[in-house]
$ cat final-v6.pdb   # PDB, C-alpha atoms
ATOM      1  CA  MET A   1      72.049-155.328  11.680
ATOM      2  CA  THR A   2      75.488-153.805  12.212
ATOM      3  CA  VAL A   3      76.508-151.920  15.329
ATOM      4  CA  ALA A   4      76.508-148.653  13.357
ATOM      5  CA  GLY A   5      72.998-149.392  12.042
ATOM      6  CA  ARG A   6      71.678-150.114  15.550
ATOM      7  CA  ALA A   7      73.289-146.911  16.852
ATOM      8  CA  SER A   8      71.717-144.882  14.031
ATOM      9  CA  GLU A   9      68.281-146.392  14.696
ATOM     10  CA  ALA A  10      68.607-145.675  18.420
ATOM     11  CA  ALA A  11      69.603-142.065  17.710
ATOM     12  CA  GLY A  12      66.579-141.673  15.425
ATOM     13  CA  THR A  13      64.297-143.032  18.132
ATOM     14  CA  ARG A  14      65.739-140.603  20.702
ATOM     15  CA  ARG A  15      65.118-137.687  18.321
ATOM     16  CA  ALA A  16      61.544-138.830  17.650
ATOM     17  CA  LEU A  17      60.585-138.965  21.341
ATOM     18  CA  PRO A  18      60.650-135.185  22.025
ATOM     19  CA  GLN A  19      59.028-134.531  18.617
ATOM     20  CA  THR A  20      56.203-136.920  19.472
ATOM     21  CA  ALA A  21      55.787-135.249  22.863
ATOM     22  CA  LEU A  22      55.599-131.828  21.196
ATOM     23  CA  LEU A  23      53.008-133.097  18.742
ATOM     24  CA  ALA A  24      50.924-134.551  21.577
ATOM     25  CA  GLY A  25      51.161-131.239  23.421
ATOM     26  CA  GLY A  26      50.008-129.425  20.293
ATOM     27  CA  LEU A  27      46.990-131.715  20.004
ATOM     28  CA  VAL A  28      46.053-131.061  23.637
ATOM     29  CA  LEU A  29      46.366-127.303  23.047
ATOM     30  CA  LEU A  30      44.236-127.622  19.906
ATOM     31  CA  ALA A  31      41.495-129.462  21.799
ATOM     32  CA  ALA A  32      41.516-126.866  24.596
ATOM     33  CA  LEU A  33      41.294-123.977  22.110
ATOM     34  CA  ALA A  34      38.451-125.690  20.253
ATOM     35  CA  VAL A  35      36.451-125.974  23.487
ATOM     36  CA  LEU A  36      37.265-122.353  24.361
ATOM     37  CA  SER A  37      36.214-121.127  20.905
ATOM     38  CA  MET A  38      32.846-122.832  21.284
ATOM     39  CA  GLY A  39      32.233-120.928  24.508
ATOM     40  CA  VAL A  40      33.317-117.431  23.458
ATOM     41  CA  GLY A  41      30.940-115.018  21.780
ATOM     42  CA  ALA A  42      27.896-112.824  22.343
ATOM     43  CA  ARG A  43      26.531-115.623  24.528
ATOM     44  CA  HIS A  44      29.214-116.952  26.875
ATOM     45  CA  VAL A  45      29.124-120.693  27.532
ATOM     46  CA  ALA A  46      31.317-122.242  30.223
ATOM     47  CA  PRO A  47      33.837-124.894  29.063
ATOM     48  CA  GLY A  48      32.109-127.576  31.134
ATOM     49  CA  GLU A  49      28.795-126.777  29.482
ATOM     50  CA  VAL A  50      30.468-126.916  26.056
ATOM     51  CA  VAL A  51      31.691-130.443  26.780
ATOM     52  CA  ARG A  52      28.209-131.444  27.973
ATOM     53  CA  ALA A  53      26.663-130.001  24.810
ATOM     54  CA  LEU A  54      28.975-132.158  22.718
ATOM     55  CA  PHE A  55      28.632-135.418  24.630
ATOM     56  CA  ASP A  56      25.380-135.085  26.619
ATOM     57  CA  TYR A  57      23.089-132.935  24.449
ATOM     58  CA  ARG A  58      19.909-131.807  26.216
ATOM     59  CA  GLY A  59      18.493-129.149  23.879
ATOM     60  CA  THR A  60      19.013-126.114  26.133
ATOM     61  CA  ASP A  61      19.757-122.714  24.602
ATOM     62  CA  ASP A  62      23.465-123.079  25.381
ATOM     63  CA  HIS A  63      23.566-126.547  23.858
ATOM     64  CA  VAL A  64      21.809-125.386  20.693
ATOM     65  CA  VAL A  65      24.288-122.518  20.260
ATOM     66  CA  VAL A  66      27.255-124.844  20.745
ATOM     67  CA  ARG A  67      26.048-127.735  18.572
ATOM     68  CA  ASP A  68      24.409-125.800  15.740
ATOM     69  CA  VAL A  69      26.629-122.715  15.391
ATOM     70  CA  ARG A  70      29.937-122.822  17.221
ATOM     71  CA  ALA A  71      30.927-126.471  16.775
ATOM     72  CA  PRO A  72      30.628-126.251  12.958
ATOM     73  CA  ARG A  73      32.544-122.952  13.065
ATOM     74  CA  ALA A  74      35.326-124.527  15.143
ATOM     75  CA  MET A  75      35.447-127.477  12.737
ATOM     76  CA  LEU A  76      35.720-125.044   9.834
ATOM     77  CA  ALA A  77      38.569-123.194  11.584
ATOM     78  CA  VAL A  78      40.436-126.473  12.115
ATOM     79  CA  ALA A  79      39.999-127.545   8.474
ATOM     80  CA  VAL A  80      40.893-124.151   6.952
ATOM     81  CA  GLY A  81      43.836-123.634   9.312
ATOM     82  CA  ALA A  82      45.281-127.070   8.553
ATOM     83  CA  ALA A  83      44.733-126.649   4.798
ATOM     84  CA  LEU A  84      46.421-123.251   4.549
ATOM     85  CA  ALA A  85      49.300-124.202   6.851
ATOM     86  CA  VAL A  86      50.097-127.482   5.084
ATOM     87  CA  ALA A  87      49.768-125.789   1.679
ATOM     88  CA  GLY A  88      52.292-123.202   2.880
ATOM     89  CA  ALA A  89      54.705-125.887   4.061
ATOM     90  CA  LEU A  90      54.389-127.733   0.749
ATOM     91  CA  ILE A  91      54.978-124.690  -1.422
ATOM     92  CA  GLN A  92      57.924-123.498   0.676
ATOM     93  CA  THR A  93      59.471-126.960   0.393
ATOM     94  CA  LEU A  94      58.774-127.279  -3.338
ATOM     95  CA  ALA A  95      59.855-123.744  -4.286
ATOM     96  CA  ARG A  96      62.762-123.785  -1.781
ATOM     97  CA  ASN A  97      61.609-120.325  -0.777
ATOM     98  CA  PRO A  98      60.992-119.621   2.937
ATOM     99  CA  LEU A  99      58.861-116.585   2.030
ATOM    100  CA  ALA A 100      56.438-118.417  -0.256
ATOM    101  CA  GLU A 101      52.791-118.937   0.675
ATOM    102  CA  PRO A 102      49.718-120.398  -1.097
ATOM    103  CA  GLY A 103      48.700-117.120  -2.718
ATOM    104  CA  ILE A 104      51.857-117.315  -4.809
ATOM    105  CA  LEU A 105      50.183-119.862  -7.100
ATOM    106  CA  GLY A 106      47.528-117.302  -7.989
ATOM    107  CA  VAL A 107      44.894-119.236  -6.030
ATOM    108  CA  THR A 108      43.493-116.225  -4.196
ATOM    109  CA  ALA A 109      43.558-114.016  -7.285
ATOM    110  CA  GLY A 110      41.962-116.762  -9.380
ATOM    111  CA  ALA A 111      39.178-117.243  -6.845
ATOM    112  CA  GLY A 112      38.550-113.495  -6.631
ATOM    113  CA  PHE A 113      38.498-113.130 -10.409
ATOM    114  CA  ALA A 114      36.043-116.019 -10.811
ATOM    115  CA  VAL A 115      33.727-114.642  -8.113
ATOM    116  CA  THR A 116      33.832-111.251  -9.863
ATOM    117  CA  ILE A 117      32.876-112.853 -13.195
ATOM    118  CA  GLY A 118      30.132-114.885 -11.545
ATOM    119  CA  SER A 119      28.777-111.790  -9.811
ATOM    120  CA  ALA A 120      28.768-109.850 -13.081
ATOM    121  CA  LEU A 121      26.754-112.662 -14.684
ATOM    122  CA  GLY A 122      24.368-112.805 -11.730
ATOM    123  CA  LEU A 123      25.348-116.380 -10.866
ATOM    124  CA  ALA A 124      27.331-115.861  -7.647
ATOM    125  CA  GLY A 125      24.818-114.097  -5.453
ATOM    126  CA  GLY A 126      24.566-116.818  -2.806
ATOM    127  CA  GLN A 127      27.087-118.827  -0.821
ATOM    128  CA  ALA A 128      26.759-121.871  -3.076
ATOM    129  CA  GLY A 129      27.452-119.816  -6.195
ATOM    130  CA  GLN A 130      30.412-118.048  -4.619
ATOM    131  CA  LEU A 131      31.792-121.386  -3.433
ATOM    132  CA  GLY A 132      31.510-122.948  -6.878
ATOM    133  CA  PHE A 133      33.058-120.030  -8.761
ATOM    134  CA  SER A 134      35.898-119.605  -6.266
ATOM    135  CA  VAL A 135      36.830-123.304  -6.469
ATOM    136  CA  VAL A 136      36.820-123.260 -10.272
ATOM    137  CA  GLY A 137      38.824-120.016 -10.382
ATOM    138  CA  SER A 138      41.396-121.347  -7.927
ATOM    139  CA  VAL A 139      41.915-124.539  -9.901
ATOM    140  CA  ILE A 140      42.195-122.806 -13.291
ATOM    141  CA  ALA A 141      44.671-120.210 -11.981
ATOM    142  CA  ALA A 142      46.824-122.868 -10.344
ATOM    143  CA  LEU A 143      46.793-124.975 -13.531
ATOM    144  CA  LEU A 144      47.929-121.979 -15.598
ATOM    145  CA  VAL A 145      50.748-121.201 -13.177
ATOM    146  CA  THR A 146      51.791-124.847 -13.065
ATOM    147  CA  ALA A 147      51.757-125.228 -16.850
ATOM    148  CA  VAL A 148      53.983-122.185 -17.363
ATOM    149  CA  GLY A 149      56.252-122.410 -14.325
ATOM    150  CA  ARG A 150      56.633-126.126 -13.659
ATOM    151  CA  ARG A 151      60.218-126.317 -14.969
ATOM    152  CA  SER A 152      61.815-124.519 -12.024
ATOM    153  CA  PRO A 153      60.875-123.090  -8.608
ATOM    154  CA  LEU A 154      61.908-119.564  -9.679
ATOM    155  CA  ARG A 155      59.729-119.651 -12.784
ATOM    156  CA  LEU A 156      56.836-120.952 -10.669
ATOM    157  CA  VAL A 157      57.121-118.010  -8.278
ATOM    158  CA  LEU A 158      57.426-115.406 -11.051
ATOM    159  CA  THR A 159      54.483-116.874 -12.982
ATOM    160  CA  GLY A 160      52.292-116.838  -9.879
ATOM    161  CA  VAL A 161      53.156-113.220  -9.099
ATOM    162  CA  ALA A 162      52.520-112.152 -12.716
ATOM    163  CA  LEU A 163      49.174-113.945 -12.975
ATOM    164  CA  THR A 164      48.069-112.544  -9.614
ATOM    165  CA  ALA A 165      48.801-109.001 -10.801
ATOM    166  CA  VAL A 166      46.909-109.493 -14.083
ATOM    167  CA  LEU A 167      43.830-111.157 -12.574
ATOM    168  CA  SER A 168      43.637-108.693  -9.685
ATOM    169  CA  GLY A 169      43.838-105.725 -12.060
ATOM    170  CA  VAL A 170      41.159-107.039 -14.431
ATOM    171  CA  ALA A 171      38.857-107.997 -11.554
ATOM    172  CA  LEU A 172      39.264-104.554  -9.981
ATOM    173  CA  GLY A 173      38.362-102.892 -13.295
ATOM    174  CA  LEU A 174      35.201-104.982 -13.592
ATOM    175  CA  ARG A 175      34.152-104.182 -10.045
ATOM    176  CA  LEU A 176      34.637-100.461 -10.609
ATOM    177  CA  MET A 177      32.521-100.542 -13.779
ATOM    178  CA  LEU A 178      29.788-102.720 -12.209
ATOM    179  CA  PRO A 179      28.853-101.466  -8.707
ATOM    180  CA  ASP A 180      26.471-104.392  -8.088
ATOM    181  CA  THR A 181      29.306-106.805  -8.793
ATOM    182  CA  PHE A 182      31.446-104.965  -6.261
ATOM    183  CA  ASP A 183      28.748-105.322  -3.577
ATOM    184  CA  VAL A 184      28.527-109.103  -4.062
ATOM    185  CA  TYR A 185      32.305-109.516  -4.180
ATOM    186  CA  ARG A 186      32.778-107.404  -1.070
ATOM    187  CA  PHE A 187      30.921-109.880   1.134
ATOM    188  CA  TRP A 188      32.915-112.856  -0.199
ATOM    189  CA  SER A 189      36.284-111.097  -0.081
ATOM    190  CA  VAL A 190      36.163-110.584   3.690
ATOM    191  CA  GLY A 191      38.138-113.538   5.030
ATOM    192  CA  THR A 192      36.002-114.697   7.924
ATOM    193  CA  LEU A 193      34.527-117.774   9.544
ATOM    194  CA  ALA A 194      31.353-115.998  10.705
ATOM    195  CA  GLY A 195      28.308-117.266   8.829
ATOM    196  CA  ARG A 196      30.363-119.546   6.582
ATOM    197  CA  GLU A 197      29.631-122.593   8.740
ATOM    198  CA  GLN A 198      26.004-122.535   7.576
ATOM    199  CA  ALA A 199      26.957-123.248   3.944
ATOM    200  CA  SER A 200      27.205-126.769   2.528
ATOM    201  CA  LEU A 201      30.753-127.795   3.425
ATOM    202  CA  ALA A 202      30.757-131.544   2.851
ATOM    203  CA  TRP A 203      32.691-131.490  -0.439
ATOM    204  CA  PRO A 204      35.294-128.843   0.511
ATOM    205  CA  LEU A 205      36.008-130.477   3.876
ATOM    206  CA  THR A 206      36.272-133.904   2.258
ATOM    207  CA  ALA A 207      38.701-132.522  -0.328
ATOM    208  CA  ILE A 208      40.788-130.960   2.449
ATOM    209  CA  ALA A 209      40.857-134.188   4.488
ATOM    210  CA  VAL A 210      41.911-136.305   1.490
ATOM    211  CA  SER A 211      44.590-133.772   0.499
ATOM    212  CA  LEU A 212      46.011-133.659   4.034
ATOM    213  CA  ALA A 213      46.330-137.447   3.960
ATOM    214  CA  GLY A 214      48.000-137.173   0.552
ATOM    215  CA  ALA A 215      50.477-134.621   1.894
ATOM    216  CA  LEU A 216      51.497-137.041   4.648
ATOM    217  CA  LEU A 217      51.946-139.863   2.140
ATOM    218  CA  LEU A 218      54.044-137.614  -0.113
ATOM    219  CA  SER A 219      56.182-136.164   2.661
ATOM    220  CA  ARG A 220      58.941-138.799   2.475
ATOM    221  CA  ALA A 221      59.414-138.213  -1.245
ATOM    222  CA  LEU A 222      59.560-134.458  -0.583
ATOM    223  CA  ASN A 223      62.152-135.161   2.090
ATOM    224  CA  ALA A 224      64.355-136.709  -0.597
ATOM    225  CA  LEU A 225      63.664-133.790  -2.949
ATOM    226  CA  THR A 226      65.021-131.295  -0.406
ATOM    227  CA  LEU A 227      68.438-132.956  -0.799
ATOM    228  CA  GLY A 228      68.519-132.005  -4.481
ATOM    229  CA  GLU A 229      67.049-133.531  -7.626
ATOM    230  CA  ASN A 230      70.107-135.700  -8.345
ATOM    231  CA  VAL A 231      70.071-137.174  -4.847
ATOM    232  CA  ALA A 232      66.302-137.656  -5.047
ATOM    233  CA  HIS A 233      66.717-139.595  -8.299
ATOM    234  CA  THR A 234      69.399-141.730  -6.662
ATOM    235  CA  LEU A 235      67.028-142.499  -3.785
ATOM    236  CA  GLY A 236      64.376-143.642  -6.252
ATOM    237  CA  ALA A 237      62.050-140.628  -6.195
ATOM    238  CA  ASP A 238      60.225-139.673  -9.395
ATOM    239  CA  VAL A 239      60.961-135.944  -9.229
ATOM    240  CA  GLY A 240      58.508-134.939 -11.958
ATOM    241  CA  ARG A 241      55.643-136.891 -10.441
ATOM    242  CA  VAL A 242      56.412-135.620  -6.934
ATOM    243  CA  ARG A 243      56.431-132.015  -8.147
ATOM    244  CA  VAL A 244      53.142-132.328 -10.046
ATOM    245  CA  THR A 245      51.430-134.164  -7.171
ATOM    246  CA  THR A 246      52.608-131.525  -4.710
ATOM    247  CA  LEU A 247      51.225-128.743  -6.911
ATOM    248  CA  VAL A 248      47.871-130.551  -7.094
ATOM    249  CA  LEU A 249      47.752-130.871  -3.302
ATOM    250  CA  ILE A 250      48.650-127.189  -2.827
ATOM    251  CA  THR A 251      45.921-126.188  -5.270
ATOM    252  CA  VAL A 252      43.214-128.298  -3.644
ATOM    253  CA  LEU A 253      44.144-127.322  -0.086
ATOM    254  CA  SER A 254      44.431-123.574  -0.627
ATOM    255  CA  GLY A 255      41.595-123.470  -3.183
ATOM    256  CA  ALA A 256      39.105-125.268  -0.937
ATOM    257  CA  ALA A 257      40.092-123.171   2.097
ATOM    258  CA  THR A 258      39.758-119.916   0.140
ATOM    259  CA  ALA A 259      36.440-121.024  -1.302
ATOM    260  CA  VAL A 260      34.804-121.684   2.068
ATOM    261  CA  ALA A 261      36.333-118.877   4.158
ATOM    262  CA  GLY A 262      37.416-116.217   1.673
ATOM    263  CA  PRO A 263      40.981-114.923   1.352
ATOM    264  CA  ILE A 264      42.862-115.486   4.633
ATOM    265  CA  LEU A 265      46.507-114.557   4.182
ATOM    266  CA  PHE A 266      49.705-115.266   6.130
ATOM    267  CA  VAL A 267      48.616-118.567   7.743
ATOM    268  CA  GLY A 268      50.631-120.429   5.109
ATOM    269  CA  LEU A 269      53.608-118.169   5.826
ATOM    270  CA  ILE A 270      53.525-118.025   9.633
ATOM    271  CA  VAL A 271      52.909-121.643  10.591
ATOM    272  CA  PRO A 272      55.710-123.367   8.614
ATOM    273  CA  HIS A 273      58.222-121.002  10.237
ATOM    274  CA  LEU A 274      56.891-121.909  13.690
ATOM    275  CA  ALA A 275      57.090-125.622  12.857
ATOM    276  CA  ARG A 276      60.426-125.699  11.051
ATOM    277  CA  LYS A 277      62.700-125.693  14.115
ATOM    278  CA  PRO A 278      61.020-128.551  16.029
ATOM    279  CA  ALA A 279      60.740-130.499  12.744
ATOM    280  CA  SER A 280      64.579-130.459  12.496
ATOM    281  CA  GLY A 281      64.664-130.537   8.715
ATOM    282  CA  SER A 282      62.233-133.464   8.398
ATOM    283  CA  VAL A 283      59.407-132.825   5.920
ATOM    284  CA  PRO A 284      57.105-135.513   7.457
ATOM    285  CA  TRP A 285      57.412-133.869  10.871
ATOM    286  CA  LEU A 286      56.971-130.430   9.283
ATOM    287  CA  ILE A 287      53.676-131.566   7.730
ATOM    288  CA  LEU A 288      52.472-133.056  11.024
ATOM    289  CA  TYR A 289      53.344-129.937  13.016
ATOM    290  CA  THR A 290      51.752-127.562  10.515
ATOM    291  CA  MET A 291      48.643-129.753  10.467
ATOM    292  CA  VAL A 292      48.247-129.044  14.191
ATOM    293  CA  LEU A 293      49.630-125.509  14.488
ATOM    294  CA  GLY A 294      47.562-124.175  11.565
ATOM    295  CA  PRO A 295      44.258-124.856  13.350
ATOM    296  CA  VAL A 296      45.762-123.541  16.602
ATOM    297  CA  LEU A 297      46.649-120.233  14.935
ATOM    298  CA  LEU A 298      43.273-119.856  13.230
ATOM    299  CA  LEU A 299      41.336-120.721  16.402
ATOM    300  CA  VAL A 300      43.353-118.119  18.329
ATOM    301  CA  ALA A 301      42.643-115.569  15.588
ATOM    302  CA  ASP A 302      38.948-116.487  15.551
ATOM    303  CA  ILE A 303      38.652-116.149  19.326
ATOM    304  CA  ALA A 304      40.433-112.780  19.170
ATOM    305  CA  SER A 305      38.108-111.643  16.381
ATOM    306  CA  ARG A 306      35.126-112.052  18.734
ATOM    307  CA  VAL A 307      36.563-110.242  21.753
ATOM    308  CA  LEU A 308      38.516-107.336  20.223
ATOM    309  CA  LEU A 309      35.398-105.213  19.747
ATOM    310  CA  PRO A 310      32.720-104.655  22.402
ATOM    311  CA  THR A 311      30.060-105.199  19.722
ATOM    312  CA  GLY A 312      30.363-107.190  16.500
ATOM    313  CA  GLU A 313      33.350-109.106  15.181
ATOM    314  CA  VAL A 314      36.613-108.348  13.438
ATOM    315  CA  PRO A 315      37.113-110.495  10.305
ATOM    316  CA  VAL A 316      39.600-113.229  11.116
ATOM    317  CA  ALA A 317      41.689-112.274   8.047
ATOM    318  CA  ILE A 318      42.455-108.927   9.684
ATOM    319  CA  VAL A 319      43.744-110.691  12.798
ATOM    320  CA  THR A 320      45.968-113.042  10.784
ATOM    321  CA  ALA A 321      47.257-110.073   8.760
ATOM    322  CA  PHE A 322      48.104-108.267  11.991
ATOM    323  CA  LEU A 323      50.077-111.329  13.120
ATOM    324  CA  GLY A 324      51.562-112.056   9.701
ATOM    325  CA  GLY A 325      52.964-108.602   8.983
ATOM    326  CA  PRO A 326      55.641-108.746  11.710
ATOM    327  CA  MET A 327      56.373-112.381  10.791
ATOM    328  CA  LEU A 328      56.999-111.386   7.167
ATOM    329  CA  ILE A 329      59.336-108.572   8.257
ATOM    330  CA  TRP A 330      61.231-111.017  10.506
ATOM    331  CA  ALA A 331      61.485-113.591   7.702
ATOM    332  CA  VAL A 332      62.800-111.009   5.217
ATOM    333  CA  ARG A 333      65.401-109.821   7.728
ATOM    334  CA  ARG A 334      66.480-113.413   8.426
ATOM    335  CA  TYR A 335      66.543-114.811   4.914
ATOM    336  CA  GLY A 336      67.202-111.621   2.971
ATOM    337  CA  ALA A 337      65.151-109.786   0.379
ATOM    338  CA  GLY A 338      66.739-111.966  -2.284
ATOM    339  CA  SER A 339      64.503-114.830  -1.165
ATOM    340  CA  LEU A 340      61.439-113.000  -2.403
TER     341      LEU A 340
END
$ encode --input "final-v6.pdb" --output "structure tokens"
Amino acid sequence: MTVAGRASEAAGTRRALPQTALLAGGLVLLAALAVLSMGVGARHVAPGEVVRALFDYRGTDDHVVVRDVRAPRAMLAVAVGAALAVAGALIQTLARNPLAEPGILGVTAGAGFAVTIGSALGLAGGQAGQLGFSVVGSVIAALLVTAVGRRSPLRLVLTGVALTAVLSGVALGLRLMLPDTFDVYRFWSVGTLAGREQASLAWPLTAIAVSLAGALLLSRALNALTLGENVAHTLGADVGRVRVTTLVLITVLSGAATAVAGPILFVGLIVPHLARKPASGSVPWLILYTMVLGPVLLLVADIASRVLLPTGEVPVAIVTAFLGGPMLIWAVRRYGAGSL
């Protein structure tokens, strides 16, 4: 290896050290928030007792609450937060638009439209039915957007916005004409983690885990794509295949998260912006950071949703919207309205 090559490798190692330390710190923060979230609620459980419930289960009331209710809810928050955050990072990288987020592919609108249709047919009354219809609707909407807008990032964005407007309008008309349909849809459309942990989550969580691994494997090819298609071709990347694979991952991640927790907006917008500076332009590091910071954000929002009101809970989607609104205003001021 030449002297210049050794110097470049050493510089890369020096840059990776603080990034690794930040990632380790994020994981520690995530673990602490997970323990805290399992102790907060109508029945307070001390952090030490939470740890004992997880590793030395004795069947007490506190242990039952932690193991049967709050641990699955915390796991759901981690999975949904990571899925939405990584989907946001992928779509911002692919569309080269810092204001893009998963809903731009029509995923949320497609899920809502499918749940409305299922409710009108009497097939989406329970959690399993809502889950099935929302997954199918998300996938179909994303496929339509991809088929029409795959040729360029701008066309992708415009197609997603147009399809979202059409599906949302039709679904709203159906709900107004069929009050029973509106009642069923209303319970699904509240983006929340409360009660959702009791549904069958094996398939959605497996799909999220596999897609997160796929995003990490694809991140180096996306890194080349950020340099421009011509450069990516020179570096050996199959641009068409990378783009299609990325769209599939975005669809699965955001579709599965929306299916199990309902529409939760702004996570895919907020987290990539928080992770972009420490990632220093590296897509692999951006994916890793968003994979950790997404769950951190959603756990913070979930904890806040339980303590903001003296009785009852605030839906977690309201908390993320409260956080995401100022972030969107900041992003528009920084990048300009032309980025929309």
$ closest_atom_pairs --input "final-v6.pdb" --of "stretch 241-267 of chain A" --to "stretch 186-207 of chain A" --cutoff "8 Å" --atoms "only C-alpha atoms" --output "JSON lines"
{"residue": "A:Val252", "atom": "CA", "partner": "A:Ala207", "partner_atom": "CA", "distance": 7.0}
{"residue": "A:Leu253", "atom": "CA", "partner": "A:Ala207", "partner_atom": "CA", "distance": 7.5}
{"residue": "A:Ala256", "atom": "CA", "partner": "A:Pro204", "partner_atom": "CA", "distance": 5.4}
{"residue": "A:Ala257", "atom": "CA", "partner": "A:Pro204", "partner_atom": "CA", "distance": 7.6}
{"residue": "A:Val260", "atom": "CA", "partner": "A:Arg196", "partner_atom": "CA", "distance": 6.7}
{"residue": "A:Ala261", "atom": "CA", "partner": "A:Thr192", "partner_atom": "CA", "distance": 5.6}
{"residue": "A:Gly262", "atom": "CA", "partner": "A:Gly191", "partner_atom": "CA", "distance": 4.4}
{"residue": "A:Pro263", "atom": "CA", "partner": "A:Gly191", "partner_atom": "CA", "distance": 4.9}
{"residue": "A:Ile264", "atom": "CA", "partner": "A:Gly191", "partner_atom": "CA", "distance": 5.1}
$ residues_around --input "final-v6.pdb" --residues "A:Gly106" --least-positions-apart "2" --cutoff "8 Å" --atoms "only C-alpha atoms" --output "PyMOL selection string"
chain A and resi 102-104+108-110+138+141-142+145+160-161+163-164
$ closest_residue --input "final-v6.pdb" --among "A:Leu143, A:Val135, A:Ala128, A:Leu154" --to "A:Asn97" --atoms "only C-alpha atoms"
A:Leu154
$ closest_residue --input "final-v6.pdb" --among "A:Gln130, A:Ala77, A:Leu218, A:Ala95" --to "A:Leu30" --atoms "all atoms listed in the file"
A:Ala77
$ resolve_selection --input "final-v6.pdb" --expression "the PyMOL selection byres ((chain A and resi 320) around 7)" --output "list of chain:residue names"
A:Leu265, A:Phe266, A:Val267, A:Ala301, A:Val316, A:Ala317, A:Ile318, A:Val319, A:Ala321, A:Phe322, A:Leu323, A:Gly324
$ atom_distance --input "final-v6.pdb" --atom1 "atom CA of A:Val115" --atom2 "atom CA of A:Leu84"
19.9 Å
